[in-house]
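*Asks:* Enclosed is the structure file work.cif (mmCIF, C-alpha atoms and all ligand atoms).
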```
data_target
loop_
_atom_site.label_atom_id
_atom_site.label_comp_id
_atom_site.auth_asym_id
_atom_site.auth_seq_id
_atom_site.Cartn_x
_atom_site.Cartn_y
_atom_site.Cartn_z
CA MET A 197 -8.41 16.66 -0.99
CA ALA A 198 -11.17 18.03 -3.23
CA GLU A 199 -8.58 19.50 -5.61
CA GLY A 200 -6.69 16.21 -5.85
CA LEU A 201 -3.61 17.31 -3.89
CA VAL A 202 -4.09 14.59 -1.29
CA LYS A 203 -4.80 11.06 -2.45
CA GLY A 204 -4.23 9.13 0.78
CA GLU A 205 -2.45 6.32 -1.10
CA GLY A 206 1.10 6.83 0.13
CA PHE A 207 2.41 8.82 3.07
CA ALA A 208 6.00 9.64 4.04
CA ILE A 209 7.30 10.46 7.48
CA ASP A 210 10.43 12.21 8.71
CA ALA A 211 11.70 14.48 11.48
CA SER A 212 13.94 17.52 11.56
CA ILE A 213 15.73 19.02 14.55
CA ILE A 214 15.12 22.71 15.33
CA LYS A 215 17.03 24.60 18.03
CA ALA A 216 14.99 25.53 21.10
CA ASP A 217 14.98 29.05 22.56
CA ALA A 218 17.12 27.80 25.43
CA SER A 219 20.75 28.72 25.96
CA PRO A 220 23.21 25.84 26.55
CA ALA A 221 24.56 27.95 29.45
CA ARG A 222 21.25 27.42 31.30
CA GLY A 223 21.66 23.63 31.10
CA VAL A 224 22.43 21.54 34.19
CA PRO A 225 23.47 17.88 34.42
CA VAL A 226 20.41 15.60 34.74
CA THR A 227 22.06 13.91 37.70
CA GLU A 228 21.84 17.13 39.79
CA PRO A 229 18.74 17.73 41.93
CA ILE A 230 16.79 20.71 40.56
CA ASP A 231 14.64 23.10 42.56
CA TRP A 232 11.90 24.28 40.17
CA GLY A 233 10.63 26.83 42.72
CA ARG A 234 7.07 27.57 43.80
CA ALA A 235 4.30 26.53 41.42
CA ASP A 236 2.90 30.09 41.13
CA GLY A 237 6.28 31.45 40.04
CA GLN A 238 7.03 28.85 37.34
CA SER A 239 7.18 29.70 33.65
CA ARG A 240 4.77 27.96 31.23
CA ALA A 241 7.66 25.85 29.88
CA VAL A 242 8.53 24.55 33.37
CA ARG A 243 4.87 23.96 34.29
CA GLU A 244 4.23 21.97 31.11
CA TYR A 245 7.36 19.92 31.72
CA LEU A 246 6.44 19.05 35.31
CA GLU A 247 2.86 18.16 34.32
CA ALA A 248 4.13 15.87 31.58
CA LEU A 249 6.53 14.20 34.03
CA GLU A 250 3.61 13.31 36.24
CA GLN A 251 1.83 11.56 33.41
CA ALA A 252 5.05 10.12 31.98
CA ASN A 253 4.83 6.86 30.18
CA PRO A 254 8.37 6.12 29.00
CA VAL A 255 8.75 4.64 25.54
CA ALA A 256 9.84 1.01 25.83
CA ALA A 257 13.26 0.14 24.51
CA ASP A 258 13.36 -2.42 21.74
CA THR A 259 16.25 -4.73 20.93
CA PHE A 260 15.79 -4.03 17.24
CA GLU A 261 16.20 -0.30 17.53
CA PRO A 262 19.28 1.87 18.18
CA ALA A 263 20.45 1.35 21.76
CA SER A 264 21.12 5.03 22.33
CA SER A 265 17.63 6.21 21.37
CA SER A 266 16.12 5.80 24.82
CA ALA A 267 19.23 6.81 26.80
CA PRO A 268 18.63 9.83 29.09
CA PRO A 269 20.07 13.18 27.93
CA LYS A 270 23.18 14.57 29.64
CA LYS A 271 21.72 18.00 30.43
CA ILE A 272 18.38 19.56 31.18
CA SER A 273 17.47 23.16 30.40
CA LEU A 274 16.26 25.36 33.25
CA THR A 275 14.60 27.62 30.64
CA ASP A 276 12.73 24.98 28.61
CA PRO A 277 13.16 21.61 30.33
CA ALA A 278 11.21 19.61 27.72
CA ALA A 279 13.73 20.58 25.00
CA ARG A 280 16.24 17.81 24.45
CA TRP A 281 20.03 18.23 24.80
CA THR A 282 21.26 16.93 21.50
CA ALA A 283 24.54 16.74 19.63
CA ALA A 284 24.64 17.38 15.89
CA PRO A 285 27.45 15.48 14.15
CA GLY A 286 30.61 17.57 14.21
CA GLY A 287 29.09 20.52 16.10
CA PRO A 288 28.49 21.62 19.69
CA ALA A 289 25.44 20.21 21.54
CA PHE A 290 22.30 22.35 22.00
CA PHE A 291 18.71 22.12 23.27
CA ALA A 292 16.19 21.25 20.59
CA TYR A 293 12.77 20.01 19.54
CA SER A 294 11.94 17.97 16.47
CA THR A 295 9.25 18.79 13.98
CA ASN A 296 7.71 15.58 12.65
CA TYR A 297 5.96 15.70 9.28
CA LEU A 298 3.54 13.19 7.84
CA ILE A 299 3.06 14.06 4.17
CA ASP A 300 0.89 12.75 1.37
CA LEU A 301 3.10 11.75 -1.54
CA GLN A 302 0.77 12.97 -4.29
CA ALA A 303 1.71 16.66 -4.05
CA GLY A 304 3.84 16.74 -0.89
CA ILE A 305 1.05 18.19 1.27
CA ILE A 306 1.75 17.95 5.02
CA VAL A 307 -1.23 16.07 6.46
CA ASP A 308 -0.05 16.20 10.08
CA VAL A 309 2.66 17.75 12.27
CA GLU A 310 3.83 16.75 15.72
CA ALA A 311 6.35 18.48 17.98
CA THR A 312 8.54 16.15 20.04
CA PRO A 313 11.78 16.59 21.98
CA ALA A 314 14.72 15.94 19.64
CA ASN A 315 14.92 12.26 20.49
CA ARG A 316 14.73 9.40 18.03
CA SER A 317 12.38 7.13 19.97
CA GLN A 318 9.91 9.99 20.51
CA GLU A 319 10.13 10.99 16.85
CA VAL A 320 9.41 7.41 15.82
CA GLU A 321 6.58 7.16 18.33
CA SER A 322 4.92 10.22 16.77
CA THR A 323 4.22 8.04 13.70
CA ARG A 324 1.44 6.22 15.54
CA THR A 325 -0.02 9.48 16.88
CA MET A 326 -0.14 11.11 13.45
CA ILE A 327 -1.34 8.09 11.47
CA ASP A 328 -4.16 7.51 13.97
CA ARG A 329 -5.07 11.21 14.09
CA VAL A 330 -5.25 11.58 10.31
CA GLU A 331 -7.35 8.42 10.09
CA HIS A 332 -9.67 9.68 12.80
CA GLN A 333 -9.93 13.31 11.64
CA ARG A 334 -9.74 12.95 7.86
CA GLY A 335 -10.73 9.35 7.25
CA LEU A 336 -7.38 8.77 5.49
CA LYS A 337 -5.24 5.68 5.99
CA PRO A 338 -2.37 5.15 3.54
CA ARG A 339 -1.71 1.88 1.74
CA ARG A 340 2.04 2.42 2.20
CA LEU A 341 4.21 4.44 4.56
CA VAL A 342 7.65 5.60 3.48
CA GLY A 343 10.40 6.40 5.98
CA ASP A 344 14.11 5.99 6.65
CA THR A 345 15.75 3.28 8.79
CA ALA A 346 14.91 5.13 12.02
CA TYR A 347 11.30 4.04 11.41
CA GLY A 348 12.33 0.42 10.81
CA THR A 349 12.21 -0.66 14.46
CA ALA A 350 10.57 -4.00 15.13
CA ALA A 351 7.80 -2.51 17.26
CA LEU A 352 6.81 0.08 14.66
CA LEU A 353 6.95 -2.39 11.77
CA GLY A 354 4.79 -4.77 13.81
CA TRP A 355 2.29 -1.98 14.42
CA MET A 356 2.16 -1.00 10.73
CA VAL A 357 1.77 -4.51 9.35
CA GLU A 358 -0.14 -6.34 12.07
CA GLU A 359 -2.36 -3.59 13.47
CA LYS A 360 -2.82 -1.06 10.69
CA GLN A 361 -2.31 -3.19 7.55
CA ILE A 362 -0.02 -0.50 6.10
CA GLU A 363 2.82 -1.58 3.80
CA PRO A 364 6.14 -0.51 5.41
CA HIS A 365 8.33 1.07 2.71
CA VAL A 366 11.02 1.41 5.34
CA SER A 367 14.35 -0.35 5.64
CA VAL A 368 14.57 -2.69 8.60
CA TRP A 369 16.66 -1.59 11.59
CA ASP A 370 18.99 -4.56 11.94
CA LYS A 371 22.42 -4.74 13.53
CA THR A 372 22.65 -8.51 13.68
CA GLU A 373 25.09 -8.90 10.76
CA ARG A 374 28.47 -9.97 12.15
CA LYS A 375 31.71 -8.46 10.92
CA ASP A 376 34.12 -10.94 12.49
CA ASN A 377 33.71 -13.65 9.82
CA THR A 378 31.50 -15.79 12.06
CA PHE A 379 28.03 -16.81 10.83
CA SER A 380 25.44 -14.05 10.97
CA ARG A 381 21.88 -14.59 12.06
CA SER A 382 20.69 -14.22 8.43
CA GLU A 383 22.60 -17.38 7.49
CA PHE A 384 20.32 -19.49 9.68
CA ILE A 385 17.04 -20.62 8.17
CA TRP A 386 13.80 -20.05 10.02
CA ASP A 387 11.25 -22.88 10.08
CA GLU A 388 7.91 -21.43 11.13
CA GLU A 389 6.18 -24.78 11.56
CA ALA A 390 8.91 -26.32 13.68
CA ASN A 391 9.49 -23.00 15.53
CA GLU A 392 13.25 -23.31 15.16
CA TYR A 393 16.29 -21.92 13.37
CA ARG A 394 18.63 -24.24 11.56
CA PHE A 395 21.98 -23.77 9.89
CA PRO A 396 21.75 -25.19 6.32
CA ALA A 397 22.18 -28.95 6.75
CA GLY A 398 22.89 -28.35 10.43
CA ASN A 399 21.32 -28.73 13.84
CA ALA A 400 18.38 -26.87 15.29
CA LEU A 401 18.23 -23.83 17.60
CA ARG A 402 15.10 -23.87 19.75
CA SER A 403 13.48 -21.79 22.44
CA ASP A 404 12.31 -24.98 24.17
CA TRP A 405 14.43 -28.08 24.24
CA ARG A 406 12.15 -30.09 26.53
CA PRO A 407 8.38 -30.27 26.47
CA LEU A 408 7.14 -28.34 29.50
CA LYS A 409 4.05 -29.18 31.51
CA ASN A 410 3.02 -25.52 31.37
CA PRO A 411 4.36 -24.19 28.07
CA ARG A 412 5.84 -20.68 28.29
CA THR A 413 5.90 -17.98 25.64
CA HIS A 414 9.62 -17.24 26.31
CA ILE A 415 8.98 -13.61 25.32
CA THR A 416 11.54 -11.30 26.92
CA LYS A 417 10.91 -7.75 28.15
CA ALA A 418 12.35 -6.53 24.84
CA ASN A 419 9.67 -8.52 22.97
CA THR A 420 12.08 -11.11 21.66
CA ILE A 421 12.42 -14.88 21.89
CA VAL A 422 15.86 -16.42 22.32
CA TYR A 423 16.67 -19.59 20.35
CA ARG A 424 19.58 -21.73 21.59
CA SER A 425 21.52 -24.55 20.01
CA SER A 426 22.34 -27.71 21.93
CA GLU A 427 25.75 -27.59 23.61
CA LYS A 428 26.24 -31.27 22.83
CA ASN A 429 25.67 -30.68 19.10
CA CYS A 430 27.97 -27.65 19.03
CA ASN A 431 30.80 -29.49 20.78
CA ARG A 432 31.03 -32.00 17.98
CA CYS A 433 30.25 -29.59 15.14
CA SER A 434 33.01 -28.97 12.57
CA MET A 435 31.76 -25.36 12.07
CA LYS A 436 31.95 -24.32 15.73
CA ASN A 437 34.87 -21.92 15.16
CA GLN A 438 32.93 -20.05 12.47
CA CYS A 439 29.72 -20.07 14.47
CA CYS A 440 30.23 -19.54 18.21
CA PRO A 441 33.99 -19.67 18.91
CA ASN A 442 33.74 -18.02 22.34
CA MET A 443 30.60 -19.71 23.60
CA SER A 444 29.61 -23.28 24.28
CA PHE A 445 26.40 -22.87 22.25
CA ARG A 446 24.86 -20.42 19.73
CA LYS A 447 22.06 -17.99 20.54
CA ILE A 448 19.76 -16.24 18.06
CA THR A 449 17.31 -13.55 19.10
CA ARG A 450 14.04 -13.30 17.20
CA SER A 451 11.64 -10.39 17.50
CA ILE A 452 7.98 -11.19 18.09
CA HIS A 453 7.45 -8.85 15.09
CA GLU A 454 9.81 -10.82 12.83
CA ALA A 455 7.02 -11.53 10.30
CA ALA A 456 6.52 -7.75 9.89
CA ARG A 457 10.30 -7.31 9.53
CA ASP A 458 10.28 -9.99 6.82
CA GLU A 459 7.44 -8.17 5.06
CA ALA A 460 9.52 -4.95 5.06
CA ARG A 461 12.51 -6.89 3.68
CA ARG A 462 10.31 -8.35 0.92
CA ILE A 463 9.01 -4.87 -0.03
CA ALA A 464 12.57 -3.47 -0.02
CA ALA A 465 13.42 -5.77 -2.94
CA THR A 466 10.60 -4.46 -5.17
CA SER A 467 10.71 -1.73 -7.82
CA GLU A 468 7.87 0.07 -6.02
CA TYR A 469 10.18 0.49 -3.04
CA LYS A 470 12.76 2.21 -5.26
CA GLN A 471 10.08 4.66 -6.31
CA SER A 472 9.10 5.18 -2.65
CA ARG A 473 12.70 6.00 -1.80
CA ARG A 474 12.79 8.62 -4.53
CA GLN A 475 9.49 10.06 -3.27
CA ARG A 476 10.90 10.31 0.26
CA LYS A 477 12.91 13.30 -0.97
CA LYS A 478 9.66 15.31 -0.94
CA VAL A 479 9.62 15.38 2.84
CA GLU A 480 13.36 16.12 3.01
CA MET A 481 12.84 19.04 0.61
CA LEU A 482 10.12 20.44 2.87
CA PHE A 483 12.56 20.51 5.79
CA ALA A 484 15.24 22.17 3.64
CA HIS A 485 12.66 24.81 2.62
CA LEU A 486 11.57 25.23 6.26
CA LYS A 487 15.09 26.05 7.37
CA ARG A 488 16.55 27.86 4.37
CA ILE A 489 13.60 29.85 3.07
CA LEU A 490 11.26 30.17 6.07
CA LYS A 491 14.37 30.46 8.30
CA LEU A 492 12.88 28.31 11.03
CA ASP A 493 16.20 27.08 12.39
CA ARG A 494 15.48 28.29 15.93
CA LEU A 495 12.21 28.47 17.81
CA ARG A 496 10.85 31.75 19.19
CA LEU A 497 8.39 30.10 21.58
CA ARG A 498 9.20 27.77 24.46
CA SER A 499 7.63 24.55 25.80
CA PRO A 500 6.11 21.66 23.80
CA SER A 501 2.96 23.68 23.12
CA GLY A 502 5.03 26.65 21.88
CA ALA A 503 7.01 24.32 19.61
CA HIS A 504 3.76 22.76 18.40
CA ASP A 505 2.27 26.18 17.53
CA GLU A 506 5.32 27.27 15.56
CA PHE A 507 5.69 23.98 13.73
CA LEU A 508 1.99 23.93 12.85
CA MET A 509 2.04 27.51 11.53
CA ALA A 510 5.15 26.84 9.46
CA ALA A 511 3.64 23.66 7.99
CA THR A 512 0.44 25.54 7.18
CA ALA A 513 2.45 28.18 5.33
CA GLN A 514 4.26 25.47 3.39
CA ASN A 515 0.95 23.83 2.46
CA LEU A 516 -0.53 27.12 1.25
CA ARG A 517 2.53 27.68 -0.91
CA ARG A 518 2.29 24.17 -2.30
CA MET A 519 -1.43 24.57 -3.02
CA ALA A 520 -0.87 27.86 -4.84
CA LYS A 521 1.76 26.20 -7.04
CA TRP A 522 -0.24 23.02 -7.62
CA LEU A 523 -3.34 24.85 -8.69
CA THR A 524 -1.50 26.28 -11.69
CA ALA A 525 -1.09 23.99 -14.69
CA GLU A 526 2.67 24.50 -14.42
CA GLY A 527 2.67 23.16 -10.86
CA LYS A 528 0.69 20.09 -11.85
CA GLN A 529 3.17 19.28 -14.61
CA ALA A 530 6.16 19.71 -12.28
CA ASN A 531 4.61 17.34 -9.79
CA GLN A 532 3.73 14.74 -12.38
CA ALA A 533 7.35 14.81 -13.54
CA ALA A 534 8.54 14.32 -9.95
CA THR A 535 6.37 11.23 -9.28
S1 LIG L 601 28.24 -24.66 16.13
FE1 LIG L 601 26.27 -25.33 16.93
S2 LIG L 601 24.79 -23.81 16.21
FE2 LIG L 601 26.67 -23.54 15.06
S3 LIG L 601 26.33 -24.66 13.16
FE3 LIG L 601 27.39 -26.04 14.62
S4 LIG L 601 25.77 -27.09 15.71
FE4 LIG L 601 24.80 -25.39 14.67
#
```
Spell out the structure here as structure tokens.
*Replies:*
Amino acid sequence: MAEGLVKGEGFAIDASIIKADASPARGVPVTEPIDWGRADGQSRAVREYLEALEQANPVAADTFEPASSSAPPKKISLTDPAARWTAAPGGPAFFAYSTNYLIDLQAGIIVDVEATPANRSQEVESTRTMIDRVEHQRGLKPRRLVGDTAYGTAALLGWMVEEKQIEPHVSVWDKTERKDNTFSRSEFIWDEEANEYRFPAGNALRSDWRPLKNPRTHITKANTIVYRSSEKNCNRCSMKNQCCPNMSFRKITRSIHEAARDEARRIAATSEYKQSRRQRKKVEMLFAHLKRILKLDRLRLRSPSGAHDEFLMAATAQNLRRMAKWLTAEGKQANQAAT
């Protein structure tokens, strides 16, 4: 920070999957009962796993995030049970952890590292851990956070915008666009004051059609509110076939973090966002370097704490290398050209 390598203005986040030191042959289906043996004979990896299970606090699923992200894995490793059974596209499945990097965009310095099982919702959740830790330990909170669509879940965008006042330079996770030629959700106009959706020049979709004595929030477990059209209106609507051909009325689901999602959409249309996307390559390049040059494509240590130690040491080595380069005039010029 003193040398100007870390500015704290913009951070980027990403995760990379690294194979665990756990053979696929020692994997058993999660549906099978497992005897972990006596406590005094358990390995550190098994002990850490069982302790974590006791304190487990599963990550809540969110409608506006990939449905598969919180699905249980198919297999569990008897060697390192916290490693996640994961399938790489086009290749055989294996047990793995993810290394999660939070970097400062000025010089690509890694400001925090977190080891998680190779699972998207846990990778995304590590964002909060790292942002809070860097703020607490270093007094740094970025103005903007850059990440790919995986980090565009409603809950995380809500946290960034509403709780942390960080600009999300992240594309919104949204699968509501329809491909069957019927009207998509985005074609309905939101009226904040009236608390309703409306098709242009059409009828309203509301969460409440009658005034209730005790008004309800209508918030679902997935932190959404469902807006419904009136069946009567739809029955006599000339656009019914293009809107809700197989239902008697139309439903639209709105996240309670929709304002944060709108903020991310607004940012995505700016030129600063284009620059952020280019800068995101810095974190991708660090992962490429980690695997190709440092050869960390498979862990030597087991358990979450083993993975944490290896990931932290590797990140430290990468930072030292970056610092050595930056502190030469040549390095400074190269970085200025890249930003
Ligand atoms: S079918 Fe119903 S929801 Fe759809 S545009 Fe017509 S009135 Fe509105």
*Asks:* What is the distance between CA of Met197 in chain A and CA of Gly335 in chain A, in Å to one decimal?
*Replies:* 11.3 Å
*Asks:* Using only C-alpha atoms and all ligand atoms, find the one residue out of A:Tyr469, A:Phe445, A:Tyr423, A:Trp386 that sits nearest to ligand LIG 601 (chain L).
*Replies:*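 Using only C-alpha atoms and all ligand atoms, the shortest distance to ligand LIG 601 (chain L) belongs to A:Phe445.
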*Asks:* One decimal, Å: what's the distance from CA of Gln361 in chain A over to CA of Ile463 in chain A, could you say?
*Replies:*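 These atoms are spaced 13.7 Å apart.
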*Asks:* At a cut-off of 6 Å around ligand LIG 601 (chain L), and using all atoms listed in the file, what residues come up? Please write them as a PyMOL selection string.
*Replies:* chain A and resi 395+398-399+425+429-430+433+435-436+439-440+445-446
*Asks:* When you draw a straight line from CA of Gly304 in chain A to CA of Val202 in chain A, how long is it in Å?
*Replies:* 8.2 Å
